[in-house]
Structures are given as structure tokens and as C-alpha cells.
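To be precise, the following lines are entry.csv, and they hold CSV, C-alpha atoms and all ligand atoms.
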chain,number,residue,atom,x,y,z
M,1,MET,CA,87.1,130.2,99.6
M,2,LYS,CA,90.8,129.7,99.0
M,3,ILE,CA,93.1,126.8,99.8
M,4,GLN,CA,96.8,127.3,100.0
M,5,THR,CA,99.3,124.4,100.4
M,6,ILE,CA,102.1,125.3,102.8
M,7,ASP,CA,105.2,123.1,102.3
M,8,LEU,CA,106.7,122.4,105.7
M,9,ASN,CA,110.0,121.3,104.1
M,10,PHE,CA,110.3,118.5,106.6
M,11,GLN,CA,113.9,117.4,107.1
M,12,ASN,CA,114.8,120.0,104.3
M,13,VAL,CA,112.9,117.8,101.8
M,14,PRO,CA,110.2,119.7,99.8
M,15,HIS,CA,106.8,118.1,99.1
M,16,ALA,CA,107.0,115.6,102.0
M,17,ILE,CA,104.6,117.2,104.5
M,18,ALA,CA,101.9,119.8,103.9
M,19,ALA,CA,99.7,121.9,106.0
M,20,TYR,CA,96.7,123.5,104.3
M,21,LEU,CA,95.5,127.1,104.9
M,22,VAL,CA,91.9,127.4,104.0
M,23,THR,CA,90.5,131.0,104.0
M,24,GLY,CA,86.8,131.3,104.3
M,25,PRO,CA,84.5,134.4,104.4
M,26,GLU,CA,85.1,134.7,108.2
M,27,GLY,CA,88.8,134.0,108.3
M,28,PRO,CA,91.5,131.3,108.1
M,29,VAL,CA,91.4,127.7,109.1
M,30,LEU,CA,94.4,125.5,109.4
M,31,VAL,CA,94.1,121.8,108.3
M,32,GLU,CA,97.0,119.8,109.8
M,33,THR,CA,99.8,121.4,111.8
M,34,GLY,CA,102.8,119.3,110.9
M,35,PRO,CA,105.3,118.4,113.6
M,36,GLY,CA,106.8,120.9,116.1
M,37,SER,CA,110.1,120.8,114.2
M,38,THR,CA,108.5,122.5,111.2
M,39,LEU,CA,106.7,125.2,113.1
M,40,PRO,CA,109.1,127.9,111.8
M,41,ALA,CA,108.3,126.9,108.2
M,42,LEU,CA,104.5,126.8,108.9
M,43,LEU,CA,104.6,130.3,110.6
M,44,GLU,CA,106.6,131.6,107.6
M,45,GLY,CA,104.0,130.2,105.2
M,46,LEU,CA,101.2,131.8,107.2
M,47,ALA,CA,103.1,135.1,107.3
M,48,THR,CA,103.5,135.0,103.5
M,49,ALA,CA,99.7,134.5,103.3
M,50,GLY,CA,99.3,137.6,105.6
M,51,TYR,CA,98.5,135.8,108.9
M,52,ALA,CA,100.0,136.1,112.4
M,53,PRO,CA,99.7,133.0,114.7
M,54,GLN,CA,97.0,134.7,116.7
M,55,ASP,CA,94.8,135.0,113.6
M,56,ILE,CA,94.5,131.2,113.5
M,57,LYS,CA,91.5,130.3,115.6
M,58,HIS,CA,90.6,126.9,114.1
M,59,VAL,CA,92.8,123.9,113.5
M,60,LEU,CA,91.6,120.6,112.1
M,61,VAL,CA,93.8,117.5,112.4
M,62,THR,CA,93.0,114.3,110.5
M,63,HIS,CA,94.8,112.2,113.1
M,64,ILE,CA,97.3,112.6,115.9
M,65,HIS,CA,100.5,111.2,114.3
M,66,PHE,CA,103.3,113.7,114.8
M,67,ASP,CA,103.7,114.5,111.1
M,68,HIS,CA,100.0,115.7,111.1
M,69,ALA,CA,99.4,117.0,114.5
M,70,GLY,CA,102.7,117.2,116.4
M,71,ALA,CA,102.3,121.0,116.8
M,72,ALA,CA,98.6,120.9,117.7
M,73,GLY,CA,99.4,121.4,121.4
M,74,TRP,CA,101.4,124.6,120.6
M,75,TRP,CA,98.5,126.0,118.6
M,76,ALA,CA,96.0,125.1,121.4
M,77,GLN,CA,98.3,126.9,123.8
M,78,GLN,CA,98.2,130.0,121.5
M,79,GLY,CA,94.4,129.9,122.0
M,80,ALA,CA,93.4,128.1,118.7
M,81,ARG,CA,90.6,125.5,118.8
M,82,ILE,CA,91.7,122.0,117.8
M,83,TYR,CA,89.2,119.7,116.2
M,84,VAL,CA,90.2,116.0,116.6
M,85,HIS,CA,88.9,112.5,116.6
M,86,TYR,CA,87.5,111.3,120.0
M,87,PHE,CA,90.1,108.5,120.2
M,88,GLY,CA,92.9,111.0,119.5
M,89,ALA,CA,91.8,113.9,121.7
M,90,PRO,CA,93.1,112.4,125.1
M,91,HIS,CA,96.6,112.1,123.6
M,92,LEU,CA,96.7,115.7,122.4
M,93,ILE,CA,95.6,116.8,125.9
M,94,ASP,CA,98.2,114.5,127.6
M,95,PRO,CA,100.8,113.5,125.0
M,96,SER,CA,103.1,111.7,127.6
M,97,LYS,CA,102.2,108.2,126.4
M,98,LEU,CA,102.7,109.1,122.7
M,99,ILE,CA,106.0,110.7,123.5
M,100,ALA,CA,107.1,107.7,125.5
M,101,SER,CA,106.3,105.2,122.7
M,102,ALA,CA,107.8,107.4,120.0
M,103,THR,CA,111.0,107.8,122.1
M,104,ARG,CA,111.3,104.0,122.1
M,105,ILE,CA,111.2,104.1,118.3
M,106,TYR,CA,113.2,107.3,117.5
M,107,GLY,CA,115.5,107.5,120.5
M,108,ASN,CA,117.8,110.6,120.2
M,109,LYS,CA,116.3,111.5,116.8
M,110,MET,CA,113.1,112.5,118.5
M,111,ASN,CA,113.7,116.2,118.8
M,112,THR,CA,115.3,116.6,115.3
M,113,LEU,CA,112.4,114.8,113.7
M,114,TRP,CA,109.4,116.0,115.7
M,115,GLY,CA,110.5,119.0,117.8
M,116,LYS,CA,108.5,119.8,121.0
M,117,ILE,CA,105.2,118.0,121.6
M,118,LEU,CA,103.2,120.2,123.9
M,119,PRO,CA,100.0,119.3,125.8
M,120,ALA,CA,96.8,121.0,124.4
M,121,PRO,CA,94.6,122.6,127.1
M,122,ALA,CA,91.4,120.5,127.2
M,123,GLU,CA,89.1,123.5,126.9
M,124,ASN,CA,90.7,124.2,123.5
M,125,VAL,CA,90.0,120.7,122.2
M,126,THR,CA,86.8,119.9,120.4
M,127,ILE,CA,86.1,116.2,120.1
M,128,ILE,CA,84.8,115.1,116.7
M,129,HIS,CA,82.7,112.0,115.7
M,130,ASP,CA,81.8,110.6,112.3
M,131,ASN,CA,79.6,112.9,110.2
M,132,ASP,CA,80.0,115.8,112.6
M,133,THR,CA,80.1,119.2,110.9
M,134,ILE,CA,82.7,121.8,111.9
M,135,ASN,CA,81.8,125.5,111.3
M,136,ALA,CA,85.0,127.4,111.1
M,137,GLY,CA,86.0,130.5,109.1
M,138,GLY,CA,82.5,130.8,107.7
M,139,LEU,CA,83.0,127.3,106.2
M,140,THR,CA,81.4,123.9,106.9
M,141,PHE,CA,83.6,120.9,107.0
M,142,THR,CA,82.2,117.4,107.4
M,143,ALA,CA,84.3,114.8,109.3
M,144,LEU,CA,84.3,111.3,107.8
M,145,GLU,CA,85.5,108.5,110.0
M,146,THR,CA,88.2,106.8,107.8
M,147,PRO,CA,90.2,104.2,109.8
M,148,GLY,CA,92.7,101.8,108.3
M,149,HIS,CA,95.9,103.8,108.5
M,150,ALA,CA,94.9,104.7,112.0
M,151,ARG,CA,91.9,103.8,114.1
M,152,HIS,CA,91.5,107.5,114.9
M,153,HIS,CA,91.4,109.1,111.4
M,154,HIS,CA,89.1,111.6,109.9
M,155,VAL,CA,88.9,112.9,106.3
M,156,PHE,CA,87.4,116.4,106.2
M,157,ARG,CA,85.1,117.2,103.3
M,158,LEU,CA,84.7,120.8,102.3
M,159,GLY,CA,82.3,121.3,99.3
M,160,THR,CA,84.0,119.7,96.3
M,161,VAL,CA,87.3,118.9,98.0
M,162,ALA,CA,88.4,116.6,100.8
M,163,PHE,CA,91.4,116.8,103.1
M,164,THR,CA,92.4,113.1,103.2
M,165,GLY,CA,95.3,113.0,105.8
M,166,ASP,CA,96.8,109.6,105.1
M,167,ALA,CA,93.6,107.8,104.2
M,168,ALA,CA,94.2,108.3,100.4
M,169,GLY,CA,97.8,107.2,100.8
M,170,ILE,CA,100.8,109.3,99.6
M,171,LYS,CA,100.9,111.1,96.3
M,172,ILE,CA,103.9,113.3,95.7
M,173,PRO,CA,103.5,116.0,92.9
M,174,ASP,CA,104.9,115.0,89.5
M,175,SER,CA,104.8,111.3,90.4
M,176,PRO,CA,102.3,108.8,89.1
M,177,MET,CA,103.0,106.5,92.1
M,178,VAL,CA,100.9,106.1,95.2
M,179,GLY,CA,102.7,105.3,98.5
M,180,LEU,CA,101.3,103.3,101.4
M,181,PRO,CA,101.9,104.5,105.0
M,182,ALA,CA,101.1,101.5,107.2
M,183,PRO,CA,102.6,102.3,110.6
M,184,PRO,CA,101.9,100.4,113.8
M,185,PRO,CA,99.9,100.0,115.9
M,186,GLU,CA,96.6,100.5,114.1
M,187,PHE,CA,97.2,99.7,110.4
M,188,GLU,CA,94.4,97.3,109.3
M,189,ARG,CA,94.1,96.0,105.7
M,190,GLU,CA,90.4,95.2,105.6
M,191,VAL,CA,89.4,98.3,107.5
M,192,TRP,CA,91.3,100.5,105.1
M,193,GLN,CA,89.7,98.8,102.1
M,194,GLU,CA,86.3,99.7,103.6
M,195,THR,CA,87.5,103.2,104.0
M,196,ILE,CA,88.5,103.3,100.3
M,197,GLN,CA,85.0,102.2,99.4
M,198,ARG,CA,83.5,104.9,101.5
M,199,LEU,CA,85.8,107.6,100.0
M,200,ARG,CA,85.2,106.5,96.4
M,201,GLU,CA,81.5,107.4,96.9
M,202,VAL,CA,82.3,110.9,98.3
M,203,ASP,CA,81.4,113.3,95.6
M,204,VAL,CA,84.5,115.5,95.5
M,205,ASP,CA,86.7,116.4,92.5
M,206,THR,CA,90.0,117.0,94.4
M,207,ILE,CA,91.6,115.3,97.3
M,208,TYR,CA,94.4,116.8,99.5
M,209,PRO,CA,96.6,114.1,100.9
M,210,THR,CA,98.9,115.6,103.6
M,211,HIS,CA,101.8,114.0,101.7
M,212,PHE,CA,101.4,116.0,99.4
M,213,GLY,CA,99.2,118.6,97.7
M,214,PRO,CA,96.0,118.5,95.7
M,215,THR,CA,95.4,115.7,93.3
M,216,PRO,CA,92.3,114.8,91.3
M,217,GLN,CA,89.9,112.3,92.9
M,218,THR,CA,89.8,109.4,90.4
M,219,ASP,CA,88.8,105.8,90.5
M,220,ALA,CA,92.4,105.0,89.3
M,221,HIS,CA,93.8,106.6,92.5
M,222,TRP,CA,91.6,104.4,94.7
M,223,ASP,CA,92.3,101.3,92.5
M,224,LYS,CA,96.1,101.9,92.9
M,225,LEU,CA,95.9,102.4,96.7
M,226,GLY,CA,93.6,99.3,97.2
M,227,GLN,CA,95.9,97.2,95.1
M,228,LEU,CA,99.0,98.5,96.9
M,229,ILE,CA,97.5,97.7,100.3
M,230,ASN,CA,96.9,94.1,99.2
M,231,ASP,CA,100.3,93.7,97.5
M,232,SER,CA,102.3,95.2,100.3
M,233,THR,CA,100.7,93.1,103.0
M,234,GLU,CA,101.1,90.0,100.9
M,235,PHE,CA,104.7,90.8,100.2
M,236,VAL,CA,105.5,91.1,103.9
M,237,ARG,CA,103.5,88.0,104.8
M,238,ALA,CA,105.6,86.0,102.3
M,239,GLN,CA,108.8,87.2,103.9
M,240,MET,CA,107.5,86.4,107.4
M,241,GLU,CA,106.5,82.9,106.2
M,242,ALA,CA,109.9,82.4,104.7
M,243,GLY,CA,111.3,83.0,108.2
M,244,LEU,CA,113.1,86.3,107.6
M,245,ASP,CA,113.7,88.5,110.6
M,246,ARG,CA,112.4,92.0,110.8
M,247,ASP,CA,115.5,93.8,109.5
M,248,ALA,CA,115.8,91.4,106.6
M,249,ILE,CA,112.1,92.1,105.8
M,250,VAL,CA,112.8,95.8,105.9
M,251,ALA,CA,115.6,95.5,103.4
M,252,ALA,CA,113.5,93.3,101.1
M,253,TYR,CA,110.6,95.7,101.4
M,254,LEU,CA,112.8,98.7,100.5
M,255,ASP,CA,114.2,96.9,97.4
M,256,TRP,CA,110.6,95.9,96.4
M,257,ASN,CA,109.5,99.5,96.7
M,258,ARG,CA,112.5,100.8,94.8
M,259,GLU,CA,111.6,98.5,92.0
M,260,ARG,CA,108.0,99.8,92.0
M,261,ALA,CA,109.3,103.4,91.9
M,262,ALA,CA,111.8,102.6,89.1
M,263,ALA,CA,109.0,100.9,87.1
M,264,ALA,CA,106.9,104.1,87.6
M,265,GLY,CA,109.8,106.1,86.3
M,266,LEU,CA,110.5,108.1,89.5
M,267,SER,CA,113.7,110.1,89.8
M,268,GLU,CA,116.0,109.4,92.8
M,269,ALA,CA,114.9,112.8,94.3
M,270,LEU,CA,111.3,111.7,94.1
M,271,ILE,CA,112.1,108.4,95.7
M,272,GLN,CA,113.8,110.2,98.6
M,273,THR,CA,110.7,112.4,99.0
M,274,TYR,CA,108.5,109.3,99.4
M,275,LEU,CA,111.0,107.8,101.9
M,276,THR,CA,111.1,111.0,103.9
M,277,ALA,CA,107.3,111.3,104.0
M,278,ASN,CA,106.9,107.6,104.8
M,279,PRO,CA,109.8,105.7,106.3
M,280,LEU,CA,109.3,102.1,105.0
M,281,ALA,CA,110.6,100.4,108.2
M,282,MET,CA,107.6,101.8,110.0
M,283,SER,CA,105.3,100.2,107.4
M,284,VAL,CA,107.0,96.8,107.8
M,285,ASP,CA,106.5,97.1,111.6
M,286,GLY,CA,102.9,98.0,111.0
M,287,ILE,CA,102.2,95.2,108.6
M,288,MET,CA,104.0,92.6,110.7
M,289,ARG,CA,102.0,93.7,113.7
M,290,TYR,CA,98.8,93.5,111.6
M,291,TRP,CA,99.6,89.8,110.6
M,292,ARG,CA,100.5,88.8,114.1
M,293,LYS,CA,97.3,90.3,115.5
M,294,ARG,CA,95.4,88.4,112.8
M,295,ALA,CA,97.1,85.2,113.7
M,296,ARG,CA,96.0,85.4,117.4
V,1,ZN,ZN,99.6,108.9,110.0
Rewrite the structure of this file - the entire thing - as C-alpha cells.
Ligand SMILES: [Zn+2]
Amino acid sequence: MKIQTIDLNFQNVPHAIAAYLVTGPEGPVLVETGPGSTLPALLEGLATAGYAPQDIKHVLVTHIHFDHAGAAGWWAQQGARIYVHYFGAPHLIDPSKLIASATRIYGNKMNTLWGKILPAPAENVTIIHDNDTINAGGLTFTALETPGHARHHHVFRLGTVAFTGDAAGIKIPDSPMVGLPAPPPEFEREVWQETIQRLREVDVDTIYPTHFGPTPQTDAHWDKLGQLINDSTEFVRAQMEAGLDRDAIVAAYLDWNRERAAAAGLSEALIQTYLTANPLAMSVDGIMRYWRKRAR
């Protein structure tokens, strides 16, 4: 078994979004597709590894956010089988609602950021539940329901490694810092803390966050992420209670995160990688929505 990290070079920024090519005894499996906009980079990475698009028969996606599964419909239309959470599956089959809500957020940047979002033929979509096993490429993946970042999120365990999507946060190579992607509408602080407890107990030595690349599974990683979830949500709550409007909170959150990055010794280039992988305004929206939901 061999795992290759393909850098999708999202927005011409290296180490922001990965796809993973896992080669088993019976062929290749793709974990995450990235968005449609990075399909040329993905196909180039696969070609370098010796694969044509039609060689990819199995595609696992941790969740349906565009940076993870935006190109899943394209792959399904090529005949690949897509394995996806039961909440996410209907939106891969008919992405119109996702496209409409994303267009409200991204406007005319939609195409540059995400490219084409194509519907996946239903017969090529396999719906996955917690603890399901997926046999692909002669390998056995186990899906672990891991909500918190999104309600519809799976981590895929494969032997001594786990593909963690966004559930382990963001960890860019050569950086000691963990980043928190907390987008609307499904970010939930307590639910994610429960997911961290679950993942701590999964006996793997390496985790593969989609942002970006393999990193050792350690208690320190989970400690940092758990602390960051609490600190970030408390920071935003304090700004809301102080009466700041959304844009002012975004500015304050950006400053606060820059201070964290500086304290961790990150270069400006690394900070830009974190910001490309995880636009912080989205997290402010996600956290504000979380608090408003809680208040109701
Ligand atoms: Zn996500």
C-alpha cells in the first residue's frame, strides 16, 4: 500500500489543499477530489503517478464542501464510484442548492475559486454510514462519523493511518500551528469536542488532514485543536457581546489569528497558506451562527 499526496496548488498556493492517491493491491483509490478549479492539477498529479482518469474507479470524500469534493460529480460522470456520507449524498447528486448558497457567498468569484460543480449520477454514489467498511483497490477503509466541522463528515481509517478531512483541523507542513476551519452552517463546538475524543482513541500513527499532508497523530495535536475550538469561539463571543458588527469581528479575528501565527513563529508565506486553506471570515460566520443557534 502506498499513499501519495497530490498538491492541488489551489489559487496557486502550495500546501493549501491536498488529494490523496492510495494505491492498493488491486489498484488506485482517490481520497478527496478537491474543487473543479484544481482538476488540471489533480489529473497532472495522477498522470505523474502513472494513472489516467479512467483508472480511478473509487473516490472517497470526507464531506461535500467544495474544497474536498467539488470535483466529485466530474469523477462520477467519468464512471468512478463516489463514497459519501448519507447527509451529503443528495447534494452530490443534485448540487443546485449548494451552488445557489455558495453563489450568495462568493458571487462572481465562484468559478475562479471552485470551477464547475457537476451532478453525480445517483447510480455512481455509494452512501456511507458510521463504521461502514469500504473495500476499494484491495484495501479496507473504515468510515468514522466525525461531525463538528460539518454534520456530514467522515474520517476514513486505513490500517495505521486516517484521512481526517477537516476533523483534525488544519496543519500545514513546516508549521507547528493548528488552524480551525469553522464555516457555517454546521460548525458545532461541543459536537467537535466529542469528535476529538473519538479520534484520540483511534489507534493510528499518522493522520492526513486535507489541509495539508501527513502529520503524526499525537495527543498534543488534539490538545491544540480542542483548545483552539474553545478559544476561537470564546473570542468571537466576546466580540459579539461587545456589540461589534460582523465585519469588525472579522477584522478582530484576523488580527487575533495573526498574533497566534506570529507567536508560533510562522513566516508570512505560511500565514498566507493558512488563510488560503481557510478564509477566516467564513469561520467568523460559522461561529456567529453557532452562538445565535445556541441562544435560541
Ligand atoms: Zn469543510
**Asked** From the list M:Lys2, M:His129, M:Arg294, M:His153, which residue is nearest M:Ala69 when using all atoms listed in the file?
**Response**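 Closest residue, counting all atoms listed in the file: M:His153.
Residue neighbourhood of M:Leu98, excluding near-sequence residues (fewer than 6 positions): Ile64, His65, Phe66, Ala69, Gly70, Gly88, Ala89, Pro90, His91, Leu92, Arg104, Ile105, Tyr106, Met110, Trp114, Ile117, Leu118, Pro119 and Pro185 of chain M, at 12 Å, using only C-alpha atoms.
With atom CA of M:Ala100 on one side and atom CA of M:Ser232 on the other, the separation reads 28.5 Å.
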**Prompt:** What separation in Å, quoted to one decimal, exists between atom CA of M:Val84 and atom CA of M:Thr146?
**Reply:** 12.9 Å
**Item:** Polymer residues at most 10 Å from M:Gly159, all atoms listed in the file, same-chain spacing of 4 or more positions, as a ChimeraX atom specification
**Value:** /M:139-142,203-205
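Across the model, the gap from atom CA of M:Gln78 to atom CA of M:Val59 is 11.4 Å.
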**Message:** Here is a test: counting all atoms listed in the file, which residue of M:Glu123, M:Glu234, M:Asp219, M:Asp67 is nearest to ligand ZN 1 (chain V)?
**Reply:** M:Asp67
Contact table chain M vs ligand ZN 1 (chain V), cut-off 7 Å, shortest pair per residue, all atoms listed in the file, as a tab-separated table:
residue	atom	partner	partner_atom	distance
M:His63	CA	V:ZN1	ZN	6.6
M:His65	CA	V:ZN1	ZN	5.0
M:His68	CA	V:ZN1	ZN	6.9
M:His149	CA	V:ZN1	ZN	6.5
M:Ala150	CA	V:ZN1	ZN	6.6
M:Asp166	CA	V:ZN1	ZN	5.7
**Residues near M:Gln217, cut-off 10 Å, only C-alpha atoms, skip fewer than 3 positions along chain, as an MDAnalysis selection string** = chainID M and resid 161:162 168 199:200 202:208 214 220:222
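For the set M:Gln77, M:Thr276, M:Thr210, M:Ala262, the residue with the smallest atom-to-atom gap to M:Asn12 is M:Thr276, counting only C-alpha atoms.
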**All residues 9 Å or closer to M:His211, all atoms listed in the file, same chain fewer than 3 positions away omitted, as a list in words** =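 With the cut-off at 9 Å, the set is His15, Ala16, Ile17, Ala18, Gly165, Asp166, Gly169, Ile170, Lys171, Ile172, Tyr208, Tyr274, Ala277 and Asn278 of chain M.
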**Request:** Tell me which of M:Met177, M:Ala167, M:Leu21, M:Ala252 sits closest to M:Gln197, counting all atoms listed in the file.
**Result:**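 So, comparing all the options, the nearest one is M:Ala167.
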**Prompt:** Closest to M:Thr38 among M:Ala76, M:Leu113, M:Leu254, M:Val61, using only C-alpha atoms?
**Reply:**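 Of M:Ala76, M:Leu113, M:Leu254, M:Val61, the one nearest M:Thr38 is M:Leu113, counting only C-alpha atoms.
If all atoms listed in the file are the atoms counted, then among M:Arg246, M:Arg237, M:Arg151, M:Arg260 the closest residue to M:Ala295 is M:Arg237.
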Residues proximal to (94.2, 95.5, 109.0) were defined as those with any atom within 9 Å of that point in the file's coordinates, counting all atoms listed in the file. Which are they, as a short mmCIF file (atom, residue, chain, number, x, y, z; two decimals) with C-alpha atoms, keeping the file's coordinate frame?
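Listing of point_33.cif after writing:
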data_model
loop_
_atom_site.label_atom_id
_atom_site.label_comp_id
_atom_site.auth_asym_id
_atom_site.auth_seq_id
_atom_site.Cartn_x
_atom_site.Cartn_y
_atom_site.Cartn_z
CA GLY M 148 92.70 101.80 108.30
CA HIS M 149 95.90 103.80 108.50
CA GLU M 186 96.60 100.50 114.10
CA PHE M 187 97.20 99.70 110.40
CA GLU M 188 94.40 97.30 109.30
CA ARG M 189 94.10 96.00 105.70
CA GLU M 190 90.40 95.20 105.60
CA VAL M 191 89.40 98.30 107.50
CA TRP M 192 91.30 100.50 105.10
CA GLN M 193 89.70 98.80 102.10
CA ILE M 287 102.20 95.20 108.60
CA TYR M 290 98.80 93.50 111.60
CA TRP M 291 99.60 89.80 110.60
CA LYS M 293 97.30 90.30 115.50
CA ARG M 294 95.40 88.40 112.80
#
